[in-house]
$ cat upload_13.cif   # mmCIF, C-alpha atoms
data_data
#
loop_
_atom_site.label_atom_id
_atom_site.label_comp_id
_atom_site.auth_asym_id
_atom_site.auth_seq_id
_atom_site.Cartn_x
_atom_site.Cartn_y
_atom_site.Cartn_z
CA MET A 251 -4.30 -100.83 -176.91
CA SER A 252 -7.50 -99.11 -178.01
CA ARG A 253 -9.49 -96.88 -175.73
CA PRO A 254 -12.78 -98.38 -174.41
CA GLN A 255 -15.89 -97.11 -176.15
CA PRO A 256 -19.55 -96.95 -175.11
CA GLU A 257 -21.73 -99.81 -176.34
CA PRO A 258 -25.36 -100.03 -177.48
CA ARG A 259 -28.14 -101.76 -175.58
CA ARG A 260 -28.23 -104.62 -178.08
CA ALA A 261 -24.84 -105.78 -176.73
CA TYR A 262 -26.55 -107.03 -173.56
CA PRO A 263 -29.21 -109.78 -173.44
CA TYR A 264 -30.54 -109.11 -169.91
CA PHE A 265 -31.56 -105.85 -168.25
CA LEU A 266 -32.43 -104.83 -164.73
CA PRO A 267 -33.84 -101.36 -164.00
CA ILE A 268 -32.27 -99.83 -160.89
CA THR A 269 -33.60 -96.72 -159.18
CA THR A 270 -30.97 -94.21 -158.20
CA ARG A 271 -31.24 -92.80 -154.70
CA TRP A 272 -30.46 -89.33 -153.35
CA MET A 273 -27.55 -90.80 -151.36
CA ASP A 274 -25.99 -92.24 -154.57
CA ASN A 275 -24.92 -88.73 -155.64
CA ASP A 276 -21.60 -87.35 -154.52
CA VAL A 277 -20.73 -83.70 -153.81
CA TYR A 278 -20.17 -83.14 -157.54
CA GLY A 279 -23.81 -83.94 -158.35
CA HIS A 280 -23.46 -87.34 -160.00
CA VAL A 281 -23.51 -90.96 -158.87
CA ASN A 282 -20.35 -91.76 -156.93
CA ASN A 283 -18.00 -94.29 -158.56
CA VAL A 284 -18.36 -96.83 -155.74
CA VAL A 285 -22.11 -96.97 -156.40
CA TYR A 286 -21.49 -98.16 -159.96
CA TYR A 287 -19.86 -101.27 -158.50
CA SER A 288 -22.91 -101.77 -156.32
CA TYR A 289 -25.04 -101.71 -159.48
CA PHE A 290 -22.74 -104.39 -160.98
CA ASP A 291 -23.18 -106.57 -157.91
CA THR A 292 -26.94 -106.01 -157.92
CA VAL A 293 -27.54 -107.02 -161.55
CA VAL A 294 -25.35 -110.15 -161.34
CA ASN A 295 -26.79 -111.43 -158.09
CA ARG A 296 -30.38 -110.54 -158.97
CA TYR A 297 -30.07 -112.53 -162.20
CA LEU A 298 -28.69 -115.54 -160.30
CA VAL A 299 -31.37 -115.38 -157.59
CA GLU A 300 -34.18 -115.03 -160.18
CA ARG A 301 -32.99 -118.20 -161.90
CA GLY A 302 -32.71 -120.16 -158.68
CA VAL A 303 -28.95 -120.73 -158.90
CA LEU A 304 -27.89 -118.56 -155.97
CA ASP A 305 -28.95 -119.58 -152.49
CA ILE A 306 -27.44 -116.80 -150.41
CA HIS A 307 -27.84 -118.56 -147.08
CA GLU A 308 -27.56 -122.30 -147.76
CA GLY A 309 -25.81 -122.76 -151.11
CA GLN A 310 -22.83 -125.12 -151.02
CA THR A 311 -21.02 -123.22 -153.78
CA ILE A 312 -20.63 -119.44 -153.54
CA GLY A 313 -19.14 -116.83 -155.86
CA LEU A 314 -16.42 -114.56 -154.51
CA VAL A 315 -15.56 -111.36 -156.34
CA VAL A 316 -11.89 -111.42 -157.34
CA GLU A 317 -11.81 -108.64 -159.91
CA THR A 318 -13.85 -105.64 -161.00
CA GLN A 319 -13.20 -102.86 -163.48
CA CYS A 320 -15.22 -99.97 -164.86
CA ASN A 321 -14.89 -97.39 -167.64
CA TYR A 322 -16.97 -94.22 -167.41
CA PHE A 323 -18.29 -92.37 -170.45
CA SER A 324 -21.02 -90.05 -169.16
CA SER A 325 -22.47 -89.26 -165.77
CA ILE A 326 -25.60 -90.61 -164.13
CA ALA A 327 -27.33 -88.68 -161.34
CA PHE A 328 -30.31 -88.98 -159.03
CA PRO A 329 -33.22 -89.08 -159.92
CA GLN A 330 -32.39 -90.95 -163.15
CA MET A 331 -33.23 -94.59 -163.66
CA VAL A 332 -30.31 -96.88 -164.51
CA HIS A 333 -30.73 -99.89 -166.77
CA ALA A 334 -28.03 -102.44 -166.02
CA GLY A 335 -27.28 -104.71 -168.97
CA LEU A 336 -25.64 -108.08 -168.31
CA ARG A 337 -23.75 -110.62 -170.40
CA VAL A 338 -21.23 -113.38 -169.77
CA ALA A 339 -17.88 -113.02 -171.51
CA GLN A 340 -16.21 -116.16 -170.17
CA LEU A 341 -17.16 -119.34 -168.35
CA GLY A 342 -14.23 -121.16 -166.81
CA ARG A 343 -14.09 -124.32 -164.73
CA SER A 344 -14.63 -122.39 -161.50
CA SER A 345 -15.01 -118.78 -162.61
CA VAL A 346 -17.29 -116.48 -164.56
CA ARG A 347 -16.49 -113.12 -166.10
CA TYR A 348 -19.64 -111.01 -166.24
CA GLU A 349 -19.75 -107.82 -168.26
CA VAL A 350 -22.11 -105.04 -167.26
CA GLY A 351 -23.26 -101.98 -169.15
CA LEU A 352 -25.00 -99.17 -167.28
CA PHE A 353 -27.39 -97.00 -169.25
CA ALA A 354 -29.05 -93.78 -168.12
CA ASP A 355 -32.80 -93.97 -168.67
CA GLY A 356 -33.60 -93.64 -172.37
CA GLU A 357 -29.97 -93.39 -173.52
CA PRO A 358 -28.84 -95.69 -176.35
CA LEU A 359 -25.18 -96.05 -175.25
CA THR A 360 -23.53 -97.10 -172.00
CA ALA A 361 -22.77 -94.36 -169.50
CA ALA A 362 -20.36 -96.89 -167.96
CA LYS A 363 -19.30 -100.44 -168.64
CA GLY A 364 -17.06 -102.90 -166.96
CA HIS A 365 -16.63 -106.42 -165.72
CA PHE A 366 -17.02 -108.45 -162.57
CA VAL A 367 -15.30 -111.84 -162.01
CA HIS A 368 -16.64 -114.44 -159.62
CA VAL A 369 -14.54 -117.42 -158.58
CA TYR A 370 -16.83 -120.12 -157.25
CA VAL A 371 -15.71 -121.86 -154.09
CA ASP A 372 -16.97 -124.40 -151.59
CA ARG A 373 -18.75 -122.45 -148.83
CA GLY A 374 -16.95 -124.32 -146.02
CA SER A 375 -13.40 -124.76 -147.31
CA ARG A 376 -13.26 -121.65 -149.56
CA ARG A 377 -11.40 -123.78 -152.12
CA PRO A 378 -12.27 -123.39 -155.82
CA ALA A 379 -15.18 -125.55 -156.93
CA ALA A 380 -16.47 -126.49 -160.35
CA LEU A 381 -19.36 -124.38 -161.57
CA PRO A 382 -22.61 -126.20 -160.77
CA GLN A 383 -24.34 -127.44 -163.92
CA ALA A 384 -27.51 -125.49 -163.06
CA LEU A 385 -25.44 -122.29 -162.91
CA VAL A 386 -23.82 -122.99 -166.28
CA ALA A 387 -27.26 -123.63 -167.81
CA ALA A 388 -28.60 -120.36 -166.35
CA LEU A 389 -25.63 -118.40 -167.73
CA GLU A 390 -25.68 -119.83 -171.26
CA PRO A 391 -28.33 -117.34 -172.51
CA LEU A 392 -26.00 -114.50 -171.46
CA ARG A 393 -22.92 -115.75 -173.30
CA ARG A 394 -21.37 -113.25 -175.65
CA ALA A 395 -20.27 -114.48 -179.03
CA PRO A 396 -16.46 -114.34 -179.40
CA GLY A 397 -15.06 -111.36 -181.27
#
$ encode --input "upload_13.cif" --output "structure tokens"
Amino acid sequence: MSRPQPEPRRAYPYFLPITTRWMDNDVYGHVNNVVYYSYFDTVVNRYLVERGVLDIHEGQTIGLVVETQCNYFSSIAFPQMVHAGLRVAQLGRSSVRYEVGLFADGEPLTAAKGHFVHVYVDRGSRRPAALPQALVAALEPLRRAPG
């Protein structure tokens, strides 16, 4: 098994700038690990809301996070800007594996990268549901080529 490596910006087709906040830093002077997962959640859900495929309050199908993972390569600290890159690694029948790269402002390689898996379920029953066609169409531009 090879060790994860930082990736360049070109590996991600969508970017969202995220402002770090004073409270994001931990006692060691860099963004706390739990905040990185918040950035993952922010870029995924912002993309979905912008494309009109996530209705937070009324949507019949909702995505539940079932898995996250992150590798850290260099630190980010307030007051840096973070640029969250997003791509889709896998579209299943009822799940999506998003991959996120976090870049410190102006840096060419990821400071951290990881993934975030949503399983889509019926809002009422919480049983797995097929990905809505509009969601699949919105995610297609983010699909990563195999290999």
$ closest_atom_pairs --input "upload_13.cif" --of "range 290-328 of chain A" --to "range 389-395 of chain A" --cutoff "12 Å" --atoms "only C-alpha atoms" --output "JSON lines"
{"residue": "A:Val294", "atom": "CA", "partner": "A:Leu389", "partner_atom": "CA", "distance": 10.4}
{"residue": "A:Asn295", "atom": "CA", "partner": "A:Leu389", "partner_atom": "CA", "distance": 12.0}
{"residue": "A:Tyr297", "atom": "CA", "partner": "A:Leu389", "partner_atom": "CA", "distance": 9.2}
{"residue": "A:Leu298", "atom": "CA", "partner": "A:Leu389", "partner_atom": "CA", "distance": 8.5}
{"residue": "A:Glu300", "atom": "CA", "partner": "A:Leu389", "partner_atom": "CA", "distance": 11.9}
{"residue": "A:Arg301", "atom": "CA", "partner": "A:Leu389", "partner_atom": "CA", "distance": 9.4}
{"residue": "A:Gly302", "atom": "CA", "partner": "A:Leu389", "partner_atom": "CA", "distance": 11.6}
{"residue": "A:Val303", "atom": "CA", "partner": "A:Leu389", "partner_atom": "CA", "distance": 9.7}
{"residue": "A:Leu304", "atom": "CA", "partner": "A:Leu389", "partner_atom": "CA", "distance": 12.0}
$ atom_distance --input "upload_13.cif" --atom1 "CA of Phe353 in chain A" --atom2 "CA of Gly313 in chain A"
25.3 Å
$ residues_around --input "upload_13.cif" --residues "range 378-382 of chain A" --least-positions-apart "4" --cutoff "9 Å" --atoms "only C-alpha atoms" --output "MDAnalysis selection string"
chainID A and resid 303 311:312 341:346 369:372 386:387
$ write_last_selection --input "upload_13.cif" --atoms "C-alpha atoms" --output "short mmCIF file (atom, residue, chain, number, x, y, z; two decimals), in the frame of the given file"
data_model
loop_
_atom_site.label_atom_id
_atom_site.label_comp_id
_atom_site.auth_asym_id
_atom_site.auth_seq_id
_atom_site.Cartn_x
_atom_site.Cartn_y
_atom_site.Cartn_z
CA VAL A 303 -28.95 -120.73 -158.90
CA THR A 311 -21.02 -123.22 -153.78
CA ILE A 312 -20.63 -119.44 -153.54
CA LEU A 341 -17.16 -119.34 -168.35
CA GLY A 342 -14.23 -121.16 -166.81
CA ARG A 343 -14.09 -124.32 -164.73
CA SER A 344 -14.63 -122.39 -161.50
CA SER A 345 -15.01 -118.78 -162.61
CA VAL A 346 -17.29 -116.48 -164.56
CA VAL A 369 -14.54 -117.42 -158.58
CA TYR A 370 -16.83 -120.12 -157.25
CA VAL A 371 -15.71 -121.86 -154.09
CA ASP A 372 -16.97 -124.40 -151.59
CA VAL A 386 -23.82 -122.99 -166.28
CA ALA A 387 -27.26 -123.63 -167.81
#
$ atom_distance --input "upload_13.cif" --atom1 "CA of Tyr262 in chain A" --atom2 "CA of Tyr348 in chain A"
10.8 Å
$ resolve_selection --input "upload_13.cif" --expression "the PyMOL selection byres ((chain A and resi 361) around 9)" --output "MDAnalysis selection string"
chainID A and resid 256:257 321:326 351:354 357 359:360 362:363
$ closest_residue --input "upload_13.cif" --among "A:Ala327, A:Ala388, A:Thr292, A:Gly309" --to "Asp276 in chain A" --atoms "all atoms listed in the file"
A:Ala327
$ atom_distance --input "upload_13.cif" --atom1 "CA of Gln319 in chain A" --atom2 "CA of Ala339 in chain A"
13.8 Å
$ residues_around --input "upload_13.cif" --residues "Leu336 in chain A" --least-positions-apart "5" --cutoff "6 Å" --atoms "all atoms listed in the file" --output "list in words"
Tyr262, Tyr264, Glu349 and Val350 of chain A
$ closest_residue --input "upload_13.cif" --among "A:Val277, A:Val316, A:Ala261, A:Val284" --to "His368 in chain A" --atoms "all atoms listed in the file"
A:Val316
$ closest_residue --input "upload_13.cif" --among "A:Val367, A:Val285, A:Val332, A:Met251" --to "Pro267 in chain A" --atoms "all atoms listed in the file"
A:Val332
$ closest_residue --input "upload_13.cif" --among "A:Thr318, A:Gln340, A:Gln310, A:Thr270" --to "Arg376 in chain A" --atoms "only C-alpha atoms"
A:Gln310
$ axis_aligned_box --input "upload_13.cif" --around "range 337-348 of chain A" --padding-each-side "6 Å" --output "lines of an AutoDock Vina configuration file"
center_x = -18.9
center_y = -117.5
center_z = -166.5
size_x = 21.7
size_y = 25.7
size_z = 22.0
$ build_atoms --input "upload_13.cif" --residues "range 284-296 of chain A" --atoms "N, CA, C and O atoms" --output "short mmCIF file (atom, residue, chain, number, x, y, z; two decimals), in the coordinates of the input"
data_model
loop_
_atom_site.label_atom_id
_atom_site.label_comp_id
_atom_site.auth_asym_id
_atom_site.auth_seq_id
_atom_site.Cartn_x
_atom_site.Cartn_y
_atom_site.Cartn_z
N VAL A 284 -18.17 -95.59 -156.49
CA VAL A 284 -18.36 -96.83 -155.74
C VAL A 284 -19.77 -97.39 -155.93
O VAL A 284 -19.97 -98.59 -155.89
N VAL A 285 -20.74 -96.53 -156.20
CA VAL A 285 -22.11 -96.97 -156.40
C VAL A 285 -22.25 -97.75 -157.71
O VAL A 285 -23.03 -98.70 -157.79
N TYR A 286 -21.46 -97.41 -158.70
CA TYR A 286 -21.49 -98.16 -159.96
C TYR A 286 -21.17 -99.63 -159.71
O TYR A 286 -21.80 -100.52 -160.27
N TYR A 287 -20.21 -99.89 -158.83
CA TYR A 287 -19.86 -101.27 -158.50
C TYR A 287 -20.99 -101.96 -157.75
O TYR A 287 -21.21 -103.16 -157.91
N SER A 288 -21.73 -101.22 -156.98
CA SER A 288 -22.91 -101.77 -156.32
C SER A 288 -23.96 -102.17 -157.36
O SER A 288 -24.61 -103.21 -157.23
N TYR A 289 -24.11 -101.36 -158.40
CA TYR A 289 -25.04 -101.71 -159.48
C TYR A 289 -24.58 -103.00 -160.17
O TYR A 289 -25.40 -103.85 -160.51
N PHE A 290 -23.27 -103.15 -160.38
CA PHE A 290 -22.74 -104.39 -160.98
C PHE A 290 -23.15 -105.59 -160.13
O PHE A 290 -23.66 -106.59 -160.63
N ASP A 291 -22.88 -105.49 -158.84
CA ASP A 291 -23.18 -106.57 -157.91
C ASP A 291 -24.67 -106.88 -157.90
O ASP A 291 -25.08 -108.05 -157.90
N THR A 292 -25.49 -105.85 -157.95
CA THR A 292 -26.94 -106.01 -157.92
C THR A 292 -27.45 -106.76 -159.15
O THR A 292 -28.23 -107.71 -159.02
N VAL A 293 -27.02 -106.38 -160.35
CA VAL A 293 -27.54 -107.02 -161.55
C VAL A 293 -27.08 -108.48 -161.64
O VAL A 293 -27.86 -109.36 -161.99
N VAL A 294 -25.84 -108.76 -161.29
CA VAL A 294 -25.35 -110.15 -161.34
C VAL A 294 -26.11 -111.02 -160.35
O VAL A 294 -26.66 -112.07 -160.72
N ASN A 295 -26.17 -110.60 -159.11
CA ASN A 295 -26.79 -111.43 -158.09
C ASN A 295 -28.30 -111.53 -158.24
O ASN A 295 -28.89 -112.58 -157.98
N ARG A 296 -28.94 -110.47 -158.72
CA ARG A 296 -30.38 -110.54 -158.97
C ARG A 296 -30.67 -111.56 -160.07
O ARG A 296 -31.61 -112.36 -159.95
#
